[in-house]
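Visitor: Structure provided below as structure tokens; questions to follow.
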Amino acid sequence: MEIYNIVAIASIGMFFLGFFGIITTNNIIKSVIFIVLMETGVIMFFLSVGVSAGILPPIADHLYEYGNIADPLPSALMITAIVIGLSVTAINITMLMTLLRKYRTADWDKVKNAVLQENIEIFEETFLGEDEKC
């Protein structure tokens with residue numbers, strides 16, 4: 001078994017470990033970490049699939065004289081995926097910090113209950129009179 005196949009299998013495992021973590025955790029911080037783990041697994045998989053033995057990287061001029069060269073498009077797409085992944089992680093962390101400041105918790109269920117309570121209070125203030133409140 002070649003190293004490229006091992007990396008591909010490990011990256012698939014990494015993706016599903018992140019997916020399992022997102023499904024099972026109630027902590028927002030852990031969810032962000034598992035999203036990053038999934039992104040890393042996808043990037044590793046595509047890079048490992050695009051590599052094979054005997055192919056030269058497309059770095060210098062006149063490579064066509066030396067033999068087979070690798071296609072630079074997958075590498076360029078993965079660099080783009082890394083940049084997008086970093087920006088998504090930054091937005092996730094910013095939203096996490098906002099939730100932590102507002103609700104003082106990193107638990108999905110507690111945040112959901114606090115938001116529902118806020119929405120009920122806003123609905124009561126807007127549409128119901130004083131005697132109709134829950």
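Residues in the structure tokens are numbered from 1 in each chain, the chains being A, B, ... in the order shown, and ligands are numbered from 1 in the order shown.
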Mind checking which residues fall within 8 Å of range 15-19 of chain A, counting only C-alpha atoms, ignoring those fewer than 5 positions away in the same chain, and posting them as an NGL selection string?
Guide: :A and (34-42)
Visitor: As number ranges by chain, which residues of chain A does DSSP assign to helix (DSSP H, G or I)?
Guide: A: 3-24, 28-49, 63-65, 72-103, 108-127, 130-132
Visitor: Print the selection's residues with C-alpha atoms to a file, as an mmCIF file, in the first residue's frame.
Guide:
```cif
data_model
loop_
_atom_site.group_PDB
_atom_site.id
_atom_site.type_symbol
_atom_site.label_atom_id
_atom_site.label_comp_id
_atom_site.auth_asym_id
_atom_site.auth_seq_id
_atom_site.Cartn_x
_atom_site.Cartn_y
_atom_site.Cartn_z
ATOM 1 C CA ILE A 3 1.768 6.314 1.245
ATOM 2 C CA TYR A 4 -0.724 8.245 -0.902
ATOM 3 C CA ASN A 5 -3.404 5.646 -0.233
ATOM 4 C CA ILE A 6 -2.682 5.739 3.497
ATOM 5 C CA VAL A 7 -3.003 9.530 3.527
ATOM 6 C CA ALA A 8 -6.269 9.306 1.582
ATOM 7 C CA ILE A 9 -7.691 6.783 4.044
ATOM 8 C CA ALA A 10 -6.503 8.869 7.013
ATOM 9 C CA SER A 11 -8.079 11.999 5.541
ATOM 10 C CA ILE A 12 -11.414 10.217 5.061
ATOM 11 C CA GLY A 13 -11.219 9.092 8.676
ATOM 12 C CA MET A 14 -10.421 12.654 9.723
ATOM 13 C CA PHE A 15 -13.456 13.973 7.872
ATOM 14 C CA PHE A 16 -15.823 11.470 9.463
ATOM 15 C CA LEU A 17 -14.296 12.013 12.905
ATOM 16 C CA GLY A 18 -15.089 15.716 12.527
ATOM 17 C CA PHE A 19 -18.580 14.923 11.269
ATOM 18 C CA PHE A 20 -19.222 12.599 14.212
ATOM 19 C CA GLY A 21 -17.914 15.253 16.597
ATOM 20 C CA ILE A 22 -20.250 17.910 15.208
ATOM 21 C CA ILE A 23 -23.232 15.593 15.568
ATOM 22 C CA THR A 24 -22.448 14.487 19.130
ATOM 23 C CA ILE A 28 -19.834 25.436 20.440
ATOM 24 C CA ILE A 29 -16.038 25.612 20.810
ATOM 25 C CA LYS A 30 -15.719 21.905 20.055
ATOM 26 C CA SER A 31 -18.035 22.337 17.060
ATOM 27 C CA VAL A 32 -15.691 24.948 15.577
ATOM 28 C CA ILE A 33 -12.724 22.618 16.110
ATOM 29 C CA PHE A 34 -14.559 19.725 14.448
ATOM 30 C CA ILE A 35 -15.451 21.933 11.450
ATOM 31 C CA VAL A 36 -11.752 22.748 11.030
ATOM 32 C CA LEU A 37 -10.972 19.016 11.281
ATOM 33 C CA MET A 38 -13.463 18.261 8.503
ATOM 34 C CA GLU A 39 -12.007 20.982 6.269
ATOM 35 C CA THR A 40 -8.495 19.636 6.826
ATOM 36 C CA GLY A 41 -9.633 16.115 5.968
ATOM 37 C CA VAL A 42 -11.167 17.257 2.677
ATOM 38 C CA ILE A 43 -8.053 19.212 1.694
ATOM 39 C CA MET A 44 -5.742 16.308 2.571
ATOM 40 C CA PHE A 45 -7.905 13.914 0.560
ATOM 41 C CA PHE A 46 -7.838 15.993 -2.613
ATOM 42 C CA LEU A 47 -4.101 16.603 -2.324
ATOM 43 C CA SER A 48 -3.388 12.904 -1.751
ATOM 44 C CA VAL A 49 -5.543 11.858 -4.711
ATOM 45 C CA LEU A 63 9.495 20.716 -17.538
ATOM 46 C CA TYR A 64 8.015 19.076 -20.596
ATOM 47 C CA GLU A 65 11.523 17.939 -21.516
ATOM 48 C CA PRO A 72 -1.254 22.499 -10.965
ATOM 49 C CA LEU A 73 -5.029 23.066 -10.883
ATOM 50 C CA PRO A 74 -5.825 20.805 -7.871
ATOM 51 C CA SER A 75 -3.100 22.484 -5.830
ATOM 52 C CA ALA A 76 -4.412 25.918 -6.734
ATOM 53 C CA LEU A 77 -7.939 24.883 -5.795
ATOM 54 C CA MET A 78 -6.753 23.529 -2.445
ATOM 55 C CA ILE A 79 -4.933 26.789 -1.688
ATOM 56 C CA THR A 80 -8.247 28.538 -2.348
ATOM 57 C CA ALA A 81 -10.005 26.044 -0.072
ATOM 58 C CA ILE A 82 -7.479 26.746 2.687
ATOM 59 C CA VAL A 83 -8.118 30.488 2.439
ATOM 60 C CA ILE A 84 -11.883 29.964 2.474
ATOM 61 C CA GLY A 85 -11.536 27.586 5.431
ATOM 62 C CA LEU A 86 -9.545 30.167 7.375
ATOM 63 C CA SER A 87 -12.141 32.850 6.711
ATOM 64 C CA VAL A 88 -14.995 30.523 7.746
ATOM 65 C CA THR A 89 -13.106 29.673 10.937
ATOM 66 C CA ALA A 90 -12.551 33.367 11.664
ATOM 67 C CA ILE A 91 -16.262 34.069 11.227
ATOM 68 C CA ASN A 92 -17.134 31.081 13.439
ATOM 69 C CA ILE A 93 -14.821 32.321 16.189
ATOM 70 C CA THR A 94 -16.254 35.842 15.910
ATOM 71 C CA MET A 95 -19.790 34.503 16.256
ATOM 72 C CA LEU A 96 -18.660 32.335 19.175
ATOM 73 C CA MET A 97 -17.180 35.340 20.959
ATOM 74 C CA THR A 98 -20.424 37.268 20.453
ATOM 75 C CA LEU A 99 -22.466 34.388 21.875
ATOM 76 C CA LEU A 100 -20.106 34.036 24.834
ATOM 77 C CA ARG A 101 -20.387 37.744 25.648
ATOM 78 C CA LYS A 102 -24.155 37.810 25.329
ATOM 79 C CA TYR A 103 -25.204 34.495 26.914
ATOM 80 C CA TRP A 108 -25.797 24.908 22.226
ATOM 81 C CA ASP A 109 -28.867 23.975 24.274
ATOM 82 C CA LYS A 110 -28.487 26.853 26.753
ATOM 83 C CA VAL A 111 -28.003 29.369 23.930
ATOM 84 C CA LYS A 112 -31.040 27.967 22.087
ATOM 85 C CA ASN A 113 -33.208 28.244 25.212
ATOM 86 C CA ALA A 114 -32.017 31.796 25.902
ATOM 87 C CA VAL A 115 -32.788 32.857 22.313
ATOM 88 C CA LEU A 116 -36.240 31.253 22.488
ATOM 89 C CA GLN A 117 -36.932 33.060 25.759
ATOM 90 C CA GLU A 118 -35.869 36.372 24.199
ATOM 91 C CA ASN A 119 -38.140 35.759 21.208
ATOM 92 C CA ILE A 120 -41.098 34.971 23.482
ATOM 93 C CA GLU A 121 -40.506 38.184 25.424
ATOM 94 C CA ILE A 122 -40.294 40.233 22.219
ATOM 95 C CA PHE A 123 -43.492 38.604 20.908
ATOM 96 C CA GLU A 124 -45.331 39.319 24.151
ATOM 97 C CA GLU A 125 -44.217 42.947 24.201
ATOM 98 C CA THR A 126 -45.144 43.462 20.558
ATOM 99 C CA PHE A 127 -48.426 41.619 20.082
ATOM 100 C CA GLU A 130 -50.530 42.962 29.768
ATOM 101 C CA ASP A 131 -53.297 40.489 30.679
ATOM 102 C CA GLU A 132 -52.515 38.025 27.815
#
```
Visitor: Just how far from CA of Gly54 in chain A is CA of Asn68 in chain A, in Å to one decimal?
Guide: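 Those two atoms sit 7.4 Å apart.
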Visitor: I'd like to know which residues of chain A are strand (DSSP E or B) (by DSSP, run on the backbone); could you write them as a PyMOL selection string?
Guide: chain A and resi 27+56+69+107
Visitor: Based on the selection just made, write N, CA and C atoms of those residues as an mmCIF file, in the first residue's frame.
Guide:
```
data_model
loop_
_atom_site.group_PDB
_atom_site.id
_atom_site.type_symbol
_atom_site.label_atom_id
_atom_site.label_comp_id
_atom_site.auth_asym_id
_atom_site.auth_seq_id
_atom_site.Cartn_x
_atom_site.Cartn_y
_atom_site.Cartn_z
ATOM 1 N N ASN A 27 -21.031 21.503 22.767
ATOM 2 C CA ASN A 27 -20.183 22.652 23.017
ATOM 3 C C ASN A 27 -19.872 23.359 21.701
ATOM 4 N N LEU A 56 6.529 14.925 -11.725
ATOM 5 C CA LEU A 56 7.273 16.067 -11.215
ATOM 6 C C LEU A 56 6.320 17.227 -10.894
ATOM 7 N N ILE A 69 4.516 15.812 -15.746
ATOM 8 C CA ILE A 69 4.400 16.829 -14.703
ATOM 9 C C ILE A 69 2.977 16.767 -14.137
ATOM 10 N N ASP A 107 -22.684 26.378 25.438
ATOM 11 C CA ASP A 107 -23.519 25.195 25.263
ATOM 12 C C ASP A 107 -24.638 25.515 24.281
#
```
Visitor: Go ahead and compute the interatomic distance for CA of Glu2 in chain A and CA of Gly67 in chain A, in Å to one decimal.
Guide: 21.5 Å
